[in-house]
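Source file: protein_2.pdb; contents: PDB, C-alpha atoms, pLDDT in the B column.
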```
ATOM      1  CA  MET A 124      77.021  25.360  21.164  1.00 72.00           C
ATOM      2  CA  LEU A 125      74.398  25.577  18.462  1.00 76.00           C
ATOM      3  CA  ASP A 126      74.563  28.884  16.657  1.00 85.00           C
ATOM      4  CA  ASN A 127      72.518  30.329  13.815  1.00 88.00           C
ATOM      5  CA  VAL A 128      74.632  28.681  11.086  1.00 93.00           C
ATOM      6  CA  LYS A 129      74.288  25.234  12.635  1.00 93.00           C
ATOM      7  CA  VAL A 130      70.538  25.709  13.018  1.00 89.00           C
ATOM      8  CA  GLN A 131      70.302  26.769   9.353  1.00 93.00           C
ATOM      9  CA  ILE A 132      72.211  23.638   8.345  1.00 95.00           C
ATOM     10  CA  LEU A 133      69.913  21.434  10.442  1.00 92.00           C
ATOM     11  CA  ARG A 134      66.823  23.102   8.955  1.00 89.00           C
ATOM     12  CA  LYS A 135      68.235  22.584   5.457  1.00 93.00           C
ATOM     13  CA  ILE A 136      68.816  18.875   6.116  1.00 93.00           C
ATOM     14  CA  ALA A 137      65.395  18.517   7.751  1.00 88.00           C
ATOM     15  CA  THR A 138      63.586  20.039   4.771  1.00 89.00           C
ATOM     16  CA  GLN A 139      65.681  18.535   1.945  1.00 93.00           C
ATOM     17  CA  GLY A 140      66.578  15.193   3.525  1.00 92.00           C
ATOM     18  CA  TYR A 141      70.336  15.656   3.187  1.00 95.00           C
ATOM     19  CA  THR A 142      73.033  18.181   2.331  1.00 97.00           C
ATOM     20  CA  THR A 143      76.649  18.323   1.191  1.00 97.00           C
ATOM     21  CA  VAL A 144      79.494  20.687   2.016  1.00 97.00           C
ATOM     22  CA  SER A 145      79.068  22.287  -1.413  1.00 97.00           C
ATOM     23  CA  ASP A 146      75.360  22.897  -0.789  1.00 97.00           C
ATOM     24  CA  VAL A 147      76.077  24.521   2.566  1.00 97.00           C
ATOM     25  CA  VAL A 148      78.739  26.785   1.033  1.00 98.00           C
ATOM     26  CA  LYS A 149      76.426  27.838  -1.794  1.00 97.00           C
ATOM     27  CA  ASP A 150      73.226  28.254   0.218  1.00 96.00           C
ATOM     28  CA  LEU A 151      74.650  29.897   3.347  1.00 96.00           C
ATOM     29  CA  GLY A 152      77.436  31.907   1.720  1.00 96.00           C
ATOM     30  CA  ILE A 153      80.145  30.658   4.069  1.00 97.00           C
ATOM     31  CA  THR A 154      83.610  29.341   3.263  1.00 97.00           C
ATOM     32  CA  TRP A 155      84.359  25.698   2.553  1.00 97.00           C
ATOM     33  CA  GLY A 156      86.336  25.427   5.792  1.00 97.00           C
ATOM     34  CA  ALA A 157      83.534  26.971   7.846  1.00 97.00           C
ATOM     35  CA  ALA A 158      80.980  24.619   6.289  1.00 98.00           C
ATOM     36  CA  GLN A 159      83.186  21.617   7.055  1.00 97.00           C
ATOM     37  CA  TRP A 160      83.689  22.781  10.641  1.00 97.00           C
ATOM     38  CA  HIS A 161      79.949  23.236  11.312  1.00 97.00           C
ATOM     39  CA  LEU A 162      79.125  19.847   9.758  1.00 97.00           C
ATOM     40  CA  PHE A 163      81.968  18.215  11.725  1.00 96.00           C
ATOM     41  CA  TRP A 164      80.666  19.765  14.960  1.00 95.00           C
ATOM     42  CA  LEU A 165      77.075  18.694  14.254  1.00 93.00           C
ATOM     43  CA  GLU A 166      78.184  15.145  13.510  1.00 93.00           C
ATOM     44  CA  ASN A 167      80.445  14.867  16.554  1.00 92.00           C
ATOM     45  CA  ASN A 168      77.640  16.117  18.785  1.00 88.00           C
ATOM     46  CA  GLY A 169      75.154  13.590  17.438  1.00 87.00           C
ATOM     47  CA  TYR A 170      72.858  15.830  15.404  1.00 89.00           C
ATOM     48  CA  ILE A 171      73.753  14.431  11.972  1.00 93.00           C
ATOM     49  CA  LYS A 172      75.427  11.431  10.335  1.00 94.00           C
ATOM     50  CA  SER A 173      77.568  11.321   7.220  1.00 96.00           C
ATOM     51  CA  ALA A 174      77.688   8.751   4.443  1.00 95.00           C
ATOM     52  CA  LYS A 175      79.767   8.536   1.286  1.00 95.00           C
ATOM     53  CA  ILE A 176      77.766   7.977  -1.884  1.00 94.00           C
ATOM     54  CA  ASN A 177      79.562   7.802  -5.229  1.00 95.00           C
ATOM     55  CA  GLY A 178      82.519   9.666  -3.747  1.00 95.00           C
ATOM     56  CA  THR A 179      80.409  12.485  -2.286  1.00 95.00           C
ATOM     57  CA  THR A 180      79.845  12.841   1.453  1.00 96.00           C
ATOM     58  CA  ILE A 181      76.234  13.572   2.327  1.00 97.00           C
ATOM     59  CA  TYR A 182      74.888  14.556   5.729  1.00 97.00           C
ATOM     60  CA  ILE A 183      71.548  13.405   7.132  1.00 95.00           C
ATOM     61  CA  LEU A 184      69.745  13.885  10.443  1.00 91.00           C
ATOM     62  CA  ASN A 185      70.765  11.415  13.120  1.00 86.00           C
ATOM     63  CA  CYS A 186      67.541  10.993  15.069  1.00 75.00           C
ATOM     64  CA  ALA A 187      63.868  10.462  14.354  1.00 62.00           C
ATOM     65  CA  ASN A 188      62.652  13.383  16.457  1.00 68.00           C
ATOM     66  CA  ALA A 189      65.219  15.846  15.122  1.00 68.00           C
ATOM     67  CA  LEU A 190      62.550  18.183  13.763  1.00 69.00           C
ATOM     68  CA  ARG A 191      61.049  18.577  17.212  1.00 71.00           C
ATOM     69  CA  LYS A 192      64.473  19.223  18.696  1.00 73.00           C
ATOM     70  CA  LEU A 193      65.260  21.695  15.919  1.00 73.00           C
ATOM     71  CA  GLU A 194      62.054  23.629  16.552  1.00 75.00           C
ATOM     72  CA  ALA A 195      62.875  23.797  20.265  1.00 77.00           C
ATOM     73  CA  ILE A 196      66.381  25.053  19.479  1.00 75.00           C
ATOM     74  CA  GLU A 197      65.071  27.688  17.063  1.00 76.00           C
ATOM     75  CA  SER A 198      62.533  28.816  19.655  1.00 81.00           C
ATOM     76  CA  ALA A 199      65.224  29.125  22.320  1.00 80.00           C
ATOM     77  CA  LEU A 200      67.508  31.074  19.968  1.00 76.00           C
ATOM     78  CA  SER A 201      64.740  33.505  19.045  1.00 78.00           C
ATOM     79  CA  LYS A 202      63.898  34.073  22.717  1.00 78.00           C
ATOM     80  CA  GLU A 203      67.599  34.686  23.384  1.00 69.00           C
ATOM     81  CA  LYS A 204      67.634  37.370  20.669  1.00 65.00           C
ATOM     82  CA  VAL A 205      64.628  39.105  22.263  1.00 65.00           C
ATOM     83  CA  VAL A 206      66.318  39.113  25.678  1.00 64.00           C
ATOM     84  CA  ARG A 207      69.542  40.543  24.210  1.00 60.00           C
ATOM     85  CA  ARG A 208      67.636  43.394  22.531  1.00 60.00           C
ATOM     86  CA  GLU A 209      66.034  44.505  25.807  1.00 57.00           C
TER      87      GLU A 209
END
```
Final structure tokens representation of the file:
Amino acid sequence: MLDNVKVQILRKIATQGYTTVSDVVKDLGITWGAAQWHLFWLENNGYIKSAKINGTTIYILNCANALRKLEAIESALSKEKVVRRE
């Protein structure tokens, strides 16, 4: 299931074009293992792809309409938060 961390990672990739495990750790303040797990999950579920460049694994979006899907996911998550507060 997509959670807030995964959505943040997708937004980061969508705005910057790619990310690395190190970038996710630094920017989101999560552990190396947690960053790897979220990236692994996103890749295995078809949201992102990985590629090795000069020994560094980078992660990019996997589909052309990913921004639209991301916006729909963010909208659904924010509506879910409103429902939980009530």
Leaving out Gly140 in chain A and any residue of its chain fewer than 2 positions from it, which residues lie within 9 Å of it when counting all atoms listed in the file, given as a PyMOL selection string?
chain A and resi 135-138+142+182-184
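Using all atoms listed in the file, the nearest neighbour of Lys192 in chain A within the list A:Met124, A:Leu165, A:Leu133, A:Ala158 is A:Leu133.
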Excluding Ser173 in chain A and its own-chain neighbours fewer than 4 positions away, which residues fall within 12 Å of it when counting only C-alpha atoms? Please give them as number ranges by chain.
A: 136, 141-144, 159, 162-167, 169, 179-185
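Reported to one decimal place, the separation of CA of Thr154 in chain A from CA of Glu197 in chain A is 23.2 Å.
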Show me, as JSON, numbers by chain, the residues that have an atom within 10 Å of Asp126 in chain A when counting only C-alpha atoms, minus same-chain residues fewer than 2 positions from it.
{"A": [124, 128, 129, 130, 131, 161, 196, 197, 200]}
Between CA of Cys186 in chain A and CA of Ile171 in chain A, what is the spacing in Å?
7.7 Å
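When only C-alpha atoms are used to compute distances to Ser201 in chain A, the closest of the residues A:Asn177, A:Ser145, A:Gln139, A:Asn127 turns out to be A:Asn127.
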Please give the centre and size of the box around range 145-150 of chain A (axis-aligned, containing every atom listed in the file, 6 Å added per side), with values in Å to one decimal and written as AutoDock Vina command-line options.
```
--center_x 76.1 --center_y 25.3 --center_z 0.4 --size_x 17.8 --size_y 18.0 --size_z 16.4
```
Rebuild range 193-204 of chain A to all heavy atoms - output it as an mmCIF file, in the coordinates of the input, please.
```cif
data_model
loop_
_atom_site.group_PDB
_atom_site.id
_atom_site.type_symbol
_atom_site.label_atom_id
_atom_site.label_comp_id
_atom_site.auth_asym_id
_atom_site.auth_seq_id
_atom_site.Cartn_x
_atom_site.Cartn_y
_atom_site.Cartn_z
ATOM 1 N N LEU A 193 64.887 20.509 16.679
ATOM 2 C CA LEU A 193 65.260 21.695 15.919
ATOM 3 C C LEU A 193 64.315 22.849 16.207
ATOM 4 O O LEU A 193 64.747 23.986 16.406
ATOM 5 C CB LEU A 193 65.290 21.375 14.428
ATOM 6 C CG LEU A 193 65.638 22.514 13.481
ATOM 7 C CD1 LEU A 193 66.988 23.117 13.827
ATOM 8 C CD2 LEU A 193 65.626 22.028 12.051
ATOM 9 N N GLU A 194 63.026 22.580 16.244
ATOM 10 C CA GLU A 194 62.054 23.629 16.552
ATOM 11 C C GLU A 194 62.269 24.187 17.950
ATOM 12 O O GLU A 194 62.171 25.392 18.169
ATOM 13 C CB GLU A 194 60.636 23.097 16.375
ATOM 14 C CG GLU A 194 60.288 22.880 14.919
ATOM 15 C CD GLU A 194 59.008 22.091 14.715
ATOM 16 O OE1 GLU A 194 58.378 21.655 15.708
ATOM 17 O OE2 GLU A 194 58.644 21.901 13.538
ATOM 18 N N ALA A 195 62.599 23.335 18.906
ATOM 19 C CA ALA A 195 62.875 23.797 20.265
ATOM 20 C C ALA A 195 64.125 24.664 20.298
ATOM 21 O O ALA A 195 64.165 25.693 20.979
ATOM 22 C CB ALA A 195 63.036 22.608 21.206
ATOM 23 N N ILE A 196 65.135 24.273 19.541
ATOM 24 C CA ILE A 196 66.381 25.053 19.479
ATOM 25 C C ILE A 196 66.116 26.411 18.848
ATOM 26 O O ILE A 196 66.548 27.439 19.361
ATOM 27 C CB ILE A 196 67.457 24.286 18.684
ATOM 28 C CG1 ILE A 196 67.909 23.056 19.466
ATOM 29 C CG2 ILE A 196 68.638 25.184 18.342
ATOM 30 C CD1 ILE A 196 68.666 22.047 18.628
ATOM 31 N N GLU A 197 65.385 26.424 17.724
ATOM 32 C CA GLU A 197 65.071 27.688 17.063
ATOM 33 C C GLU A 197 64.269 28.599 17.975
ATOM 34 O O GLU A 197 64.491 29.805 18.018
ATOM 35 C CB GLU A 197 64.326 27.435 15.759
ATOM 36 C CG GLU A 197 65.213 26.873 14.670
ATOM 37 C CD GLU A 197 64.456 26.558 13.399
ATOM 38 O OE1 GLU A 197 63.272 26.155 13.479
ATOM 39 O OE2 GLU A 197 65.054 26.717 12.327
ATOM 40 N N SER A 198 63.337 28.034 18.719
ATOM 41 C CA SER A 198 62.533 28.816 19.655
ATOM 42 C C SER A 198 63.410 29.429 20.746
ATOM 43 O O SER A 198 63.286 30.608 21.073
ATOM 44 C CB SER A 198 61.455 27.930 20.281
ATOM 45 O OG SER A 198 60.738 28.636 21.248
ATOM 46 N N ALA A 199 64.322 28.629 21.279
ATOM 47 C CA ALA A 199 65.224 29.125 22.320
ATOM 48 C C ALA A 199 66.131 30.217 21.786
ATOM 49 O O ALA A 199 66.366 31.227 22.460
ATOM 50 C CB ALA A 199 66.056 27.984 22.889
ATOM 51 N N LEU A 200 66.638 30.046 20.557
ATOM 52 C CA LEU A 200 67.508 31.074 19.968
ATOM 53 C C LEU A 200 66.751 32.371 19.731
ATOM 54 O O LEU A 200 67.285 33.450 19.958
ATOM 55 C CB LEU A 200 68.122 30.568 18.664
ATOM 56 C CG LEU A 200 69.233 29.533 18.789
ATOM 57 C CD1 LEU A 200 69.640 29.018 17.421
ATOM 58 C CD2 LEU A 200 70.432 30.101 19.525
ATOM 59 N N SER A 201 65.501 32.287 19.281
ATOM 60 C CA SER A 201 64.740 33.505 19.045
ATOM 61 C C SER A 201 64.412 34.208 20.360
ATOM 62 O O SER A 201 64.417 35.428 20.432
ATOM 63 C CB SER A 201 63.479 33.231 18.239
ATOM 64 O OG SER A 201 62.591 32.428 18.962
ATOM 65 N N LYS A 202 64.138 33.453 21.414
ATOM 66 C CA LYS A 202 63.898 34.073 22.717
ATOM 67 C C LYS A 202 65.155 34.741 23.229
ATOM 68 O O LYS A 202 65.108 35.811 23.833
ATOM 69 C CB LYS A 202 63.425 33.009 23.733
ATOM 70 C CG LYS A 202 62.019 32.556 23.507
ATOM 71 C CD LYS A 202 61.633 31.484 24.490
ATOM 72 C CE LYS A 202 60.253 30.938 24.173
ATOM 73 N NZ LYS A 202 59.897 29.816 25.048
ATOM 74 N N GLU A 203 66.315 34.122 22.974
ATOM 75 C CA GLU A 203 67.599 34.686 23.384
ATOM 76 C C GLU A 203 67.845 36.021 22.690
ATOM 77 O O GLU A 203 68.319 36.970 23.304
ATOM 78 C CB GLU A 203 68.713 33.701 23.052
ATOM 79 C CG GLU A 203 70.075 34.105 23.547
ATOM 80 C CD GLU A 203 71.099 33.036 23.236
ATOM 81 O OE1 GLU A 203 70.932 31.890 23.688
ATOM 82 O OE2 GLU A 203 72.066 33.380 22.521
ATOM 83 N N LYS A 204 67.464 36.124 21.412
ATOM 84 C CA LYS A 204 67.634 37.370 20.669
ATOM 85 C C LYS A 204 66.776 38.472 21.271
ATOM 86 O O LYS A 204 67.197 39.605 21.376
ATOM 87 C CB LYS A 204 67.280 37.170 19.201
ATOM 88 C CG LYS A 204 68.313 36.420 18.425
ATOM 89 C CD LYS A 204 67.882 36.274 16.983
ATOM 90 C CE LYS A 204 68.848 35.406 16.212
ATOM 91 N NZ LYS A 204 68.408 35.193 14.830
#
```
